[in-house]
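For reference, model24.txt is printed below; it contains compact mmCIF, C-alpha atoms.
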```txt
# COMPACT_ATOMS: atom_id res chain seq x y z
CA MET A 1 0.00 0.00 0.00
CA MET A 2 1.37 3.41 -0.98
CA ASP A 3 1.49 6.22 1.56
CA THR A 4 0.04 9.67 0.80
CA THR A 5 3.42 11.13 -0.18
CA THR A 6 3.92 8.40 -2.79
CA LEU A 7 0.34 8.73 -4.05
CA LEU A 8 0.69 12.50 -4.45
CA ALA A 9 3.99 12.03 -6.28
CA ALA A 10 2.33 9.54 -8.63
CA LEU A 11 -0.42 12.04 -9.42
CA GLU A 12 2.10 14.85 -9.89
CA HIS A 13 4.12 12.81 -12.39
CA HIS A 14 1.09 11.37 -14.18
CA PRO A 15 1.38 11.70 -17.99
CA LEU A 16 0.37 15.26 -18.79
CA PRO A 17 -2.73 15.68 -20.95
CA THR A 18 -2.93 17.87 -24.00
CA ILE A 19 -4.15 21.41 -23.40
CA ASP A 20 -7.90 21.43 -22.80
CA LEU A 21 -9.46 24.84 -23.37
CA SER A 22 -12.70 23.74 -21.74
CA LEU A 23 -13.94 22.00 -18.59
CA GLU A 24 -14.88 18.83 -20.45
CA ARG A 25 -11.92 16.78 -19.21
CA ILE A 26 -12.54 17.43 -15.51
CA ARG A 27 -16.26 16.81 -16.11
CA LEU A 28 -15.54 13.38 -17.65
CA PHE A 29 -13.04 12.54 -14.93
CA LEU A 30 -15.52 13.39 -12.16
CA GLU A 31 -18.09 11.23 -13.96
CA ARG A 32 -15.71 8.28 -13.46
CA LEU A 33 -15.76 9.04 -9.73
CA GLY A 34 -19.55 9.20 -9.46
CA HIS A 35 -19.93 12.97 -9.84
CA PRO A 36 -18.98 14.05 -6.30
CA GLU A 37 -19.37 17.68 -7.43
CA HIS A 38 -23.13 17.10 -7.47
CA ARG A 39 -23.14 16.15 -3.77
CA LEU A 40 -21.25 19.10 -2.29
CA PRO A 41 -22.53 21.52 0.35
CA PRO A 42 -23.53 25.00 -0.94
CA VAL A 43 -20.38 26.41 -2.55
CA ILE A 44 -18.88 29.87 -2.08
CA HIS A 45 -16.51 30.15 -5.05
CA VAL A 46 -13.60 32.58 -4.58
CA ALA A 47 -11.36 33.94 -7.36
CA GLY A 48 -8.89 36.85 -7.45
CA THR A 49 -5.17 37.55 -7.37
CA ASN A 50 -4.52 38.70 -3.81
CA GLY A 51 -6.45 38.16 -0.61
CA LYS A 52 -8.32 34.96 -1.51
CA GLY A 53 -6.95 32.95 1.39
CA SER A 54 -7.32 35.72 3.97
CA THR A 55 -10.89 36.45 2.86
CA ILE A 56 -11.71 32.74 3.11
CA ALA A 57 -10.09 32.59 6.57
CA PHE A 58 -12.22 35.49 7.84
CA LEU A 59 -15.40 34.14 6.25
CA ALA A 60 -14.82 30.63 7.60
CA ALA A 61 -14.30 32.03 11.10
CA MET A 62 -17.44 34.18 10.87
CA LEU A 63 -19.57 31.29 9.62
CA SER A 64 -18.20 28.97 12.31
CA ALA A 65 -18.98 31.59 14.93
CA SER A 66 -22.53 31.62 13.54
CA GLY A 67 -22.83 27.90 14.25
CA LYS A 68 -22.20 26.75 10.68
CA ARG A 69 -20.06 23.78 9.67
CA VAL A 70 -17.67 24.85 6.93
CA HIS A 71 -15.34 22.96 4.58
CA ARG A 72 -12.42 24.71 2.81
CA TYR A 73 -10.40 23.98 -0.31
CA THR A 74 -7.37 26.23 -0.80
CA SER A 75 -4.04 26.10 -2.62
CA PRO A 76 -1.13 25.92 -2.59
CA HIS A 77 -0.27 24.46 0.79
CA LEU A 78 2.58 25.82 2.89
CA VAL A 79 3.94 22.75 4.71
CA ARG A 80 1.70 19.71 4.07
CA PHE A 81 -0.71 18.92 1.25
CA HIS A 82 -3.37 18.11 3.84
CA GLU A 83 -3.79 21.86 4.53
CA ARG A 84 -5.58 22.20 1.17
CA ILE A 85 -8.56 20.09 2.22
CA ALA A 86 -10.15 21.22 5.49
CA VAL A 87 -13.11 19.10 6.56
CA GLY A 88 -14.88 21.25 9.09
CA ASP A 89 -12.16 23.33 10.71
CA THR A 90 -9.53 20.58 10.51
CA PRO A 91 -7.10 19.65 7.71
CA ILE A 92 -7.90 16.20 6.41
CA ASP A 93 -6.00 13.45 8.21
CA ASP A 94 -3.77 10.92 6.54
CA GLY A 95 -6.12 8.00 7.10
CA ALA A 96 -8.97 9.78 5.31
CA LEU A 97 -6.85 11.22 2.49
CA ARG A 98 -5.05 8.02 1.46
CA PRO A 99 -8.08 6.06 0.15
CA LEU A 100 -9.32 9.13 -1.73
CA LEU A 101 -5.99 9.49 -3.52
CA GLU A 102 -6.01 5.78 -4.31
CA ARG A 103 -9.46 6.12 -5.92
CA VAL A 104 -8.34 9.11 -7.95
CA LEU A 105 -5.10 7.44 -9.07
CA GLU A 106 -7.00 4.33 -10.17
CA ALA A 107 -9.47 6.47 -12.17
CA ALA A 108 -6.56 8.31 -13.79
CA ARG A 109 -4.61 5.26 -14.94
CA ASP A 110 -5.93 5.47 -18.52
CA PHE A 111 -7.24 9.03 -18.30
CA PRO A 112 -4.52 11.69 -18.12
CA VAL A 113 -5.42 14.63 -15.88
CA THR A 114 -3.35 17.41 -14.37
CA TYR A 115 -2.18 17.32 -10.75
CA PHE A 116 -4.58 20.10 -9.79
CA GLU A 117 -7.52 18.39 -11.50
CA SER A 118 -6.82 15.09 -9.74
CA THR A 119 -6.33 16.62 -6.29
CA THR A 120 -9.45 18.76 -6.75
CA ALA A 121 -11.35 15.57 -7.50
CA ALA A 122 -9.98 14.03 -4.30
CA ALA A 123 -11.15 17.09 -2.37
CA PHE A 124 -14.64 16.85 -3.87
CA LEU A 125 -14.81 13.20 -2.79
CA ALA A 126 -13.88 14.20 0.76
CA PHE A 127 -16.43 17.00 0.93
CA ALA A 128 -19.21 14.93 -0.66
CA ASP A 129 -18.87 12.34 2.10
CA HIS A 130 -19.14 14.85 4.97
CA PRO A 131 -22.20 17.10 5.32
CA ALA A 132 -21.61 20.80 5.96
CA ASP A 133 -23.42 24.10 5.63
CA TYR A 134 -20.91 25.61 3.20
CA LEU A 135 -17.84 24.78 1.14
CA LEU A 136 -15.40 27.67 0.63
CA LEU A 137 -13.79 26.81 -2.71
CA GLU A 138 -10.69 28.72 -3.86
CA VAL A 139 -9.84 28.94 -7.55
CA GLY A 140 -6.42 27.51 -8.36
CA LEU A 141 -5.54 29.67 -11.38
CA GLY A 142 -7.66 32.23 -13.19
CA GLY A 143 -11.28 31.15 -12.97
CA ARG A 144 -12.92 30.53 -16.33
CA LEU A 145 -11.03 27.30 -17.11
CA ASP A 146 -10.04 26.35 -13.57
CA ALA A 147 -11.08 22.86 -12.47
CA THR A 148 -13.09 24.33 -9.59
CA ASN A 149 -15.33 26.11 -12.11
CA ILE A 150 -17.06 22.80 -12.77
CA ILE A 151 -19.51 23.89 -10.05
CA GLU A 152 -22.55 24.94 -12.06
CA ARG A 153 -24.63 26.62 -9.36
CA PRO A 154 -22.69 28.00 -6.38
CA ALA A 155 -24.47 29.80 -3.59
CA LEU A 156 -22.18 32.82 -3.98
CA THR A 157 -19.14 33.90 -5.96
CA VAL A 158 -16.41 36.28 -4.80
CA ILE A 159 -13.68 38.18 -6.66
CA THR A 160 -10.90 39.52 -4.45
CA PRO A 161 -8.48 42.24 -5.69
CA VAL A 162 -7.10 41.55 -9.16
CA SER A 163 -3.49 42.38 -10.04
CA ARG A 164 -0.86 41.18 -12.49
CA ASP A 165 0.20 37.56 -11.96
CA HIS A 166 0.41 34.43 -14.12
CA THR A 167 0.37 36.71 -17.16
CA GLU A 168 1.61 33.89 -19.39
CA TYR A 169 -1.73 32.13 -18.81
CA LEU A 170 -4.21 34.90 -18.02
CA GLY A 171 -3.14 37.83 -20.20
CA ASP A 172 -0.86 40.81 -19.85
CA SER A 173 -3.41 43.44 -18.81
CA LEU A 174 -5.60 43.90 -15.75
CA ALA A 175 -8.70 43.77 -17.94
CA ALA A 176 -7.68 40.45 -19.49
CA ILE A 177 -6.85 38.94 -16.10
CA ALA A 178 -10.11 40.22 -14.60
CA ARG A 179 -12.08 38.66 -17.47
CA GLU A 180 -10.53 35.27 -16.64
CA LYS A 181 -11.38 35.71 -12.94
CA ALA A 182 -14.93 36.75 -13.87
CA GLY A 183 -15.34 33.42 -15.64
CA ILE A 184 -16.71 32.06 -12.35
CA LEU A 185 -19.78 34.34 -12.54
CA LYS A 186 -23.10 32.50 -12.93
CA SER A 187 -26.50 33.75 -14.02
CA GLY A 188 -28.63 34.78 -11.06
CA VAL A 189 -25.88 33.97 -8.52
CA PRO A 190 -24.71 37.10 -6.63
CA CYS A 191 -21.02 38.00 -6.73
CA VAL A 192 -19.26 39.95 -3.98
CA VAL A 193 -16.57 42.14 -5.55
CA ALA A 194 -13.70 43.33 -3.35
CA PRO A 195 -11.91 46.66 -4.00
CA GLN A 196 -10.65 46.72 -7.60
CA ARG A 197 -8.71 49.02 -9.85
CA PRO A 198 -11.00 50.71 -12.41
CA GLU A 199 -9.78 48.64 -15.37
CA ALA A 200 -10.43 45.37 -13.55
CA LEU A 201 -13.82 46.47 -12.20
CA ALA A 202 -14.97 47.54 -15.65
CA ALA A 203 -14.12 44.11 -17.07
CA ILE A 204 -15.97 42.39 -14.21
CA GLU A 205 -19.02 44.59 -14.75
CA VAL A 206 -19.12 43.75 -18.47
CA ALA A 207 -18.89 40.03 -17.67
CA ALA A 208 -21.67 40.35 -15.09
CA GLU A 209 -23.95 42.08 -17.58
CA GLN A 210 -23.31 39.40 -20.19
CA THR A 211 -23.85 36.61 -17.66
CA GLY A 212 -26.85 38.02 -15.82
CA CYS A 213 -24.98 38.04 -12.50
CA PRO A 214 -25.96 40.56 -9.80
CA LEU A 215 -22.90 42.31 -8.35
CA PHE A 216 -22.34 43.46 -4.75
CA ARG A 217 -19.39 45.80 -5.31
CA CYS A 218 -17.10 47.57 -2.90
CA GLY A 219 -17.53 51.30 -3.44
CA HIS A 220 -21.07 50.86 -4.77
CA GLU A 221 -23.38 48.48 -2.89
CA TRP A 222 -21.07 48.28 0.12
CA ALA A 223 -18.05 50.11 1.47
CA PHE A 224 -15.56 50.15 4.31
CA GLU A 225 -13.89 53.13 5.95
CA PRO A 226 -10.54 52.65 7.73
CA GLY A 227 -10.15 54.40 11.05
CA ARG A 228 -7.42 54.81 13.62
CA GLN A 229 -8.26 51.38 14.97
CA GLY A 230 -10.07 49.04 12.64
CA PHE A 231 -12.70 49.98 10.09
CA THR A 232 -16.41 50.61 9.64
CA TYR A 233 -18.43 48.46 7.21
CA ARG A 234 -21.51 49.98 5.59
CA SER A 235 -24.13 48.88 3.12
CA ARG A 236 -27.75 49.84 2.54
CA HIS A 237 -28.92 47.48 5.27
CA ARG A 238 -25.93 46.99 7.59
CA GLU A 239 -23.35 48.95 9.52
CA TYR A 240 -20.61 47.51 11.69
CA ARG A 241 -18.29 49.91 13.51
CA GLY A 242 -14.93 49.26 15.16
CA CYS A 243 -14.08 46.15 13.14
CA THR A 244 -10.57 45.06 14.11
CA PRO A 245 -9.09 42.11 12.15
CA VAL A 246 -6.61 39.91 13.96
CA LEU A 247 -4.47 39.49 10.81
CA PRO A 248 -1.96 42.37 10.56
CA GLY A 249 -1.70 44.93 7.79
CA PRO A 250 -4.10 47.57 6.44
CA HIS A 251 -4.89 45.35 3.44
CA GLN A 252 -6.66 42.98 5.83
CA TYR A 253 -9.35 45.62 6.32
CA ALA A 254 -10.40 45.06 2.70
CA ASN A 255 -10.28 41.26 3.07
CA ALA A 256 -12.25 41.32 6.32
CA ALA A 257 -14.81 43.75 4.89
CA THR A 258 -15.21 41.49 1.85
CA ALA A 259 -15.96 38.59 4.20
CA ILE A 260 -18.60 40.71 5.96
CA ALA A 261 -20.14 41.52 2.56
CA CYS A 262 -20.28 37.77 1.89
CA MET A 263 -22.03 37.19 5.20
CA GLU A 264 -24.61 39.80 4.23
CA GLN A 265 -25.21 38.21 0.84
CA LEU A 266 -25.59 34.79 2.45
CA GLY A 267 -28.39 36.21 4.59
CA GLN A 268 -26.67 35.58 7.91
CA GLN A 269 -28.14 37.26 10.97
CA PRO A 270 -27.15 40.91 11.50
CA ASP A 271 -25.92 40.15 15.04
CA THR A 272 -22.42 41.58 15.35
CA ALA A 273 -21.13 38.86 17.69
CA PRO A 274 -20.24 36.27 14.97
CA ILE A 275 -18.71 39.02 12.84
CA ARG A 276 -16.47 40.27 15.65
CA ARG A 277 -15.58 36.78 16.80
CA GLY A 278 -14.63 35.80 13.24
CA LEU A 279 -12.47 38.91 12.88
CA ALA A 280 -10.69 38.02 16.12
CA GLU A 281 -10.24 34.29 15.47
CA ALA A 282 -9.27 34.03 11.78
CA VAL A 283 -6.00 32.18 11.19
CA TRP A 284 -4.03 32.30 7.94
CA PRO A 285 -0.31 31.42 8.21
CA GLY A 286 2.39 32.92 6.03
CA ARG A 287 0.69 36.28 5.59
CA LEU A 288 2.55 38.93 7.59
CA GLN A 289 2.97 36.26 10.22
CA HIS A 290 4.99 37.22 13.28
CA LEU A 291 7.34 34.31 14.03
CA THR A 292 8.14 33.98 17.72
CA ARG A 293 10.19 30.78 17.93
CA GLY A 294 12.54 28.63 15.91
CA PRO A 295 16.13 28.71 14.64
CA LEU A 296 15.83 31.90 12.58
CA VAL A 297 14.18 33.73 15.47
CA GLU A 298 17.02 32.64 17.74
CA ALA A 299 19.57 33.88 15.19
CA MET A 300 18.02 37.35 14.92
CA PRO A 301 19.81 40.46 16.18
CA ALA A 302 18.80 41.29 19.75
CA GLY A 303 15.42 43.01 19.92
CA ALA A 304 14.49 42.38 16.27
CA THR A 305 11.10 41.03 15.13
CA LEU A 306 10.78 38.46 12.34
CA TRP A 307 7.88 38.68 9.87
CA LEU A 308 7.00 36.13 7.17
CA ASP A 309 4.88 36.77 4.09
CA GLY A 310 4.27 34.63 1.01
CA GLY A 311 3.38 37.58 -1.25
CA HIS A 312 4.98 37.26 -4.69
CA ASN A 313 3.37 39.63 -7.22
CA PRO A 314 3.09 43.40 -7.76
CA GLY A 315 -0.16 43.55 -5.78
CA ALA A 316 1.57 41.89 -2.84
CA GLY A 317 4.41 44.39 -3.14
CA ASP A 318 1.87 47.20 -2.88
CA ILE A 319 0.39 45.55 0.21
CA LEU A 320 3.75 45.14 1.93
CA GLY A 321 4.75 48.70 1.06
CA ALA A 322 1.49 49.99 2.55
CA TRP A 323 2.11 47.92 5.69
CA CYS A 324 5.59 49.41 6.07
CA ALA A 325 4.18 52.92 5.67
CA SER A 326 1.24 52.46 8.04
CA GLU A 327 3.37 50.84 10.75
CA GLU A 328 6.36 53.15 10.14
CA LYS A 329 8.54 50.09 9.58
CA ARG A 330 11.82 49.99 7.71
CA PRO A 331 12.54 46.26 7.61
CA HIS A 332 15.60 44.37 6.50
CA ALA A 333 14.11 42.20 3.73
CA VAL A 334 15.15 38.66 2.78
CA ILE A 335 13.60 37.86 -0.59
CA GLY A 336 13.35 34.66 -2.67
CA MET A 337 11.18 34.37 -5.78
CA MET A 338 10.15 31.67 -8.22
CA GLN A 339 11.00 31.81 -11.92
CA GLY A 340 8.45 33.72 -13.96
CA LYS A 341 7.45 36.06 -11.15
CA ASP A 342 7.68 39.82 -11.70
CA ALA A 343 10.49 40.63 -9.29
CA ALA A 344 10.68 44.28 -10.33
CA GLY A 345 6.93 44.73 -9.93
CA PHE A 346 7.08 43.14 -6.49
CA LEU A 347 10.11 45.09 -5.25
CA ALA A 348 9.26 48.53 -6.66
CA PRO A 349 6.58 49.42 -4.06
CA LEU A 350 8.89 48.19 -1.29
CA ALA A 351 12.08 49.91 -2.37
CA ALA A 352 11.60 53.15 -0.43
CA HIS A 353 10.79 51.30 2.79
CA LEU A 354 13.66 48.82 3.13
CA ALA A 355 16.66 49.19 5.41
CA SER A 356 18.48 46.50 3.41
CA LEU A 357 17.78 43.74 0.93
CA SER A 358 19.17 40.20 0.87
CA CYS A 359 18.33 37.77 -1.96
CA VAL A 360 18.21 34.01 -1.41
CA PRO A 361 17.32 30.87 -3.39
CA ILE A 362 14.34 28.63 -2.60
CA ALA A 363 15.78 25.20 -1.88
CA GLY A 364 14.73 22.52 -4.37
CA GLU A 365 12.53 24.84 -6.43
CA ASN A 366 12.81 26.50 -9.84
CA CYS A 367 13.62 29.90 -8.42
CA GLN A 368 15.30 33.07 -9.62
CA PRO A 369 19.04 33.01 -8.78
CA PRO A 370 19.98 35.48 -6.02
CA PRO A 371 22.42 37.39 -8.29
CA ALA A 372 19.60 37.88 -10.82
CA LEU A 373 17.31 39.25 -8.08
CA CYS A 374 20.13 41.54 -6.95
CA ALA A 375 20.44 42.86 -10.50
CA VAL A 376 16.72 43.62 -10.59
CA ALA A 377 17.04 45.40 -7.25
CA ALA A 378 20.00 47.43 -8.53
CA ARG A 379 17.88 48.76 -11.39
CA LEU A 380 15.45 50.02 -8.75
CA GLY A 381 18.23 51.75 -6.85
CA LEU A 382 18.47 49.08 -4.16
CA ASP A 383 21.81 47.75 -2.93
CA ALA A 384 21.12 44.03 -2.52
CA ARG A 385 23.40 41.18 -1.43
CA PRO A 386 23.08 37.49 -2.44
CA PHE A 387 23.18 34.69 0.14
CA ASP A 388 22.86 30.92 -0.06
CA THR A 389 20.24 30.58 2.68
CA PRO A 390 17.90 32.77 4.74
CA ALA A 391 19.94 31.80 7.82
CA GLU A 392 23.11 33.22 6.25
CA ALA A 393 21.28 36.42 5.29
CA ILE A 394 19.98 36.89 8.83
CA ALA A 395 23.38 36.14 10.36
CA ALA A 396 24.84 38.99 8.29
CA LEU A 397 22.30 41.59 9.43
CA PRO A 398 23.58 44.57 11.39
CA SER A 399 22.76 44.95 15.05
CA PRO A 400 20.56 46.56 16.12
CA ALA A 401 17.84 45.70 13.59
CA ARG A 402 14.23 46.39 14.43
CA ASP A 403 12.27 44.35 11.85
CA VAL A 404 13.18 41.57 9.42
CA LEU A 405 10.81 40.55 6.62
CA ILE A 406 11.12 37.27 4.71
CA ALA A 407 8.93 37.40 1.60
CA GLY A 408 8.59 36.81 -2.13
CA SER A 409 7.20 33.27 -2.35
CA LEU A 410 4.69 30.94 -0.76
CA TYR A 411 7.20 28.13 -1.36
CA LEU A 412 9.82 30.01 0.64
CA ALA A 413 7.27 30.79 3.36
CA GLY A 414 6.35 27.10 3.55
CA GLN A 415 9.97 26.08 3.95
CA ILE A 416 10.47 28.62 6.72
CA LEU A 417 7.36 27.42 8.55
CA ALA A 418 8.40 23.78 8.16
CA GLY A 419 11.73 24.62 9.76
CA HIS A 420 10.02 26.39 12.62
CA GLY A 421 7.55 23.71 13.63
```

In structure tokens, how does this file's structure come out?
Amino acid sequence: MMDTTTLLAALEHHPLPTIDLSLERIRLFLERLGHPEHRLPPVIHVAGTNGKGSTIAFLAAMLSASGKRVHRYTSPHLVRFHERIAVGDTPIDDGALRPLLERVLEAARDFPVTYFESTTAAAFLAFADHPADYLLLEVGLGGRLDATNIIERPALTVITPVSRDHTEYLGDSLAAIAREKAGILKSGVPCVVAPQRPEALAAIEVAAEQTGCPLFRCGHEWAFEPGRQGFTYRSRHREYRGCTPVLPGPHQYANAATAIACMEQLGQQPDTAPIRRGLAEAVWPGRLQHLTRGPLVEAMPAGATLWLDGGHNPGAGDILGAWCASEEKRPHAVIGMMQGKDAAGFLAPLAAHLASLSCVPIAGENCQPPPALCAVAARLGLDARPFDTPAEAIAALPSPARDVLIAGSLYLAGQILAGHG
């Protein structure tokens, strides 16, 4: 009997199918498995570039605080694959995951599917076997042709902020990317739209008109107003004052407010208690996470604070730059990025806020070489130094140093978390 690691490796190295510019392949594959997608709890389908995971974390916490049982499907994972499939509030355990992967691998023996399609099918099998009030379903890439878009009638769709990422697949403009994200819109199914740049919002609005999808847009049907502490959420029927998200960074106001807008669209009770409890209890690792123990923490200069963020695109750079400005931080940054990522777009909003920049590889991954990242930084006026590991970069930091930020990749964030328990 194969263990889950071996099963996942077999699915990852399964013969790759030809490009399928439709959802027909995943539909036929799920048919082999008895159509688990037809037996899912009501689905809340979430697309976007930045903030998907944080919005899902807030919404899951709010729904749980309202007495609802909630499943979650997110990607990628940080440390273990099991994080992707949360049955209730708990990542799926090994004993439950193994037979699902075995079923999927058997169905795929003479039917080539991608790794994401096969693991999505395994997730659907898990969720179909366990009743819940809602399934929070995160798009893997884009939206229109993503395997998760096989869901024909979700209860709600959500589009978080759109920015430039995966341009080789989704297009090289915000409008093109937004059109792909808006591919999850369904006729008659409301869509909560988080704050968007005008070009992206216009594309979403055109798609909604063509689809017959009612929009609940930030800045139109609902809004949030940041204050000195927290924010105020307002819509035609609701107002919540003094909302204080537990996740750090001003960008989390938008994600938390989007989750509140989802709660309103789902018709949840207007009582503020579940909202406030969800804001206080949401957990989403690797997003401006303050690390308090582990080898890198112990190696830090005396009095310094270590922050970890998996942000890796220009929108994430904007978010981190805004965090530095709002908190008056000037961190020493340790950056690693995967090949194909827009390093200049990510670093540009951060450049004015950094005390220093160190560039590192991501062990075992197809990453940008540290000297190449340093060259990108130099073109932005940043004096960057290459190192072989994050530990070496931290050991070379000056003392005193107030804040250290490790960022640039979810893969790097996962490796750091794995090394810190």

Please indicate the distance in Å from CA of Leu350 (chain A) to CA of Pro371 (chain A), rounded to one decimal place.
->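 Computing the Euclidean distance for CA of Leu350 (chain A) and CA of Pro371 (chain A) yields 18.7 Å.
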
Could you check which of A:Leu100, A:Ala108, A:Val79, A:Ala257 is closest to Leu11 (chain A), using only C-alpha atoms?
->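 Selected residue with least distance to Leu11 (chain A): A:Ala108.
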
Would you please work out which residue, of A:Leu135, A:Thr4, A:Thr49, A:Pro36, is nearest to Val70 (chain A) when using only C-alpha atoms?
->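 That would be A:Leu135, the residue with the smallest distance to Val70 (chain A).
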
For the atom pair CA of His237 (chain A) and CA of Ala261 (chain A), what is the interatomic distance in Å to one decimal place?
->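 A separation of 11.0 Å between them.
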
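Between Pro314 (chain A) and the residues A:Arg179, A:Arg164, A:Arg241, A:Arg402, the shortest atom-to-atom distance, using only C-alpha atoms, involves A:Arg164.
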
Shell of 12 Å around Gly171 (chain A), all atoms listed in the file, local chain residues under 6 positions omitted, as a ChimeraX atom specification | /A:142,163-165,177-181

What is the CA of Leu291 (chain A)-CA of Ala407 (chain A) distance in Å, reported with one decimal?
->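 Computing the Euclidean distance for CA of Leu291 (chain A) and CA of Ala407 (chain A) yields 12.9 Å.
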
Can you work out which one of A:Ile44, A:Ala61, A:Val193, A:Ala322 has the shortest atom-to-atom distance to His220 (chain A), counting all atoms listed in the file?
->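 Using all atoms listed in the file, the shortest distance to His220 (chain A) belongs to A:Val193.
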
Closest to Trp284 (chain A) among A:Ala47, A:Cys191, A:Leu141, A:Ala60, using only C-alpha atoms?
-> A:Ala60

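Closest approach to Glu24 (chain A) among A:Asp3, A:Glu117, A:Glu12, A:Glu199 is made by A:Glu117 (distances from all atoms listed in the file).
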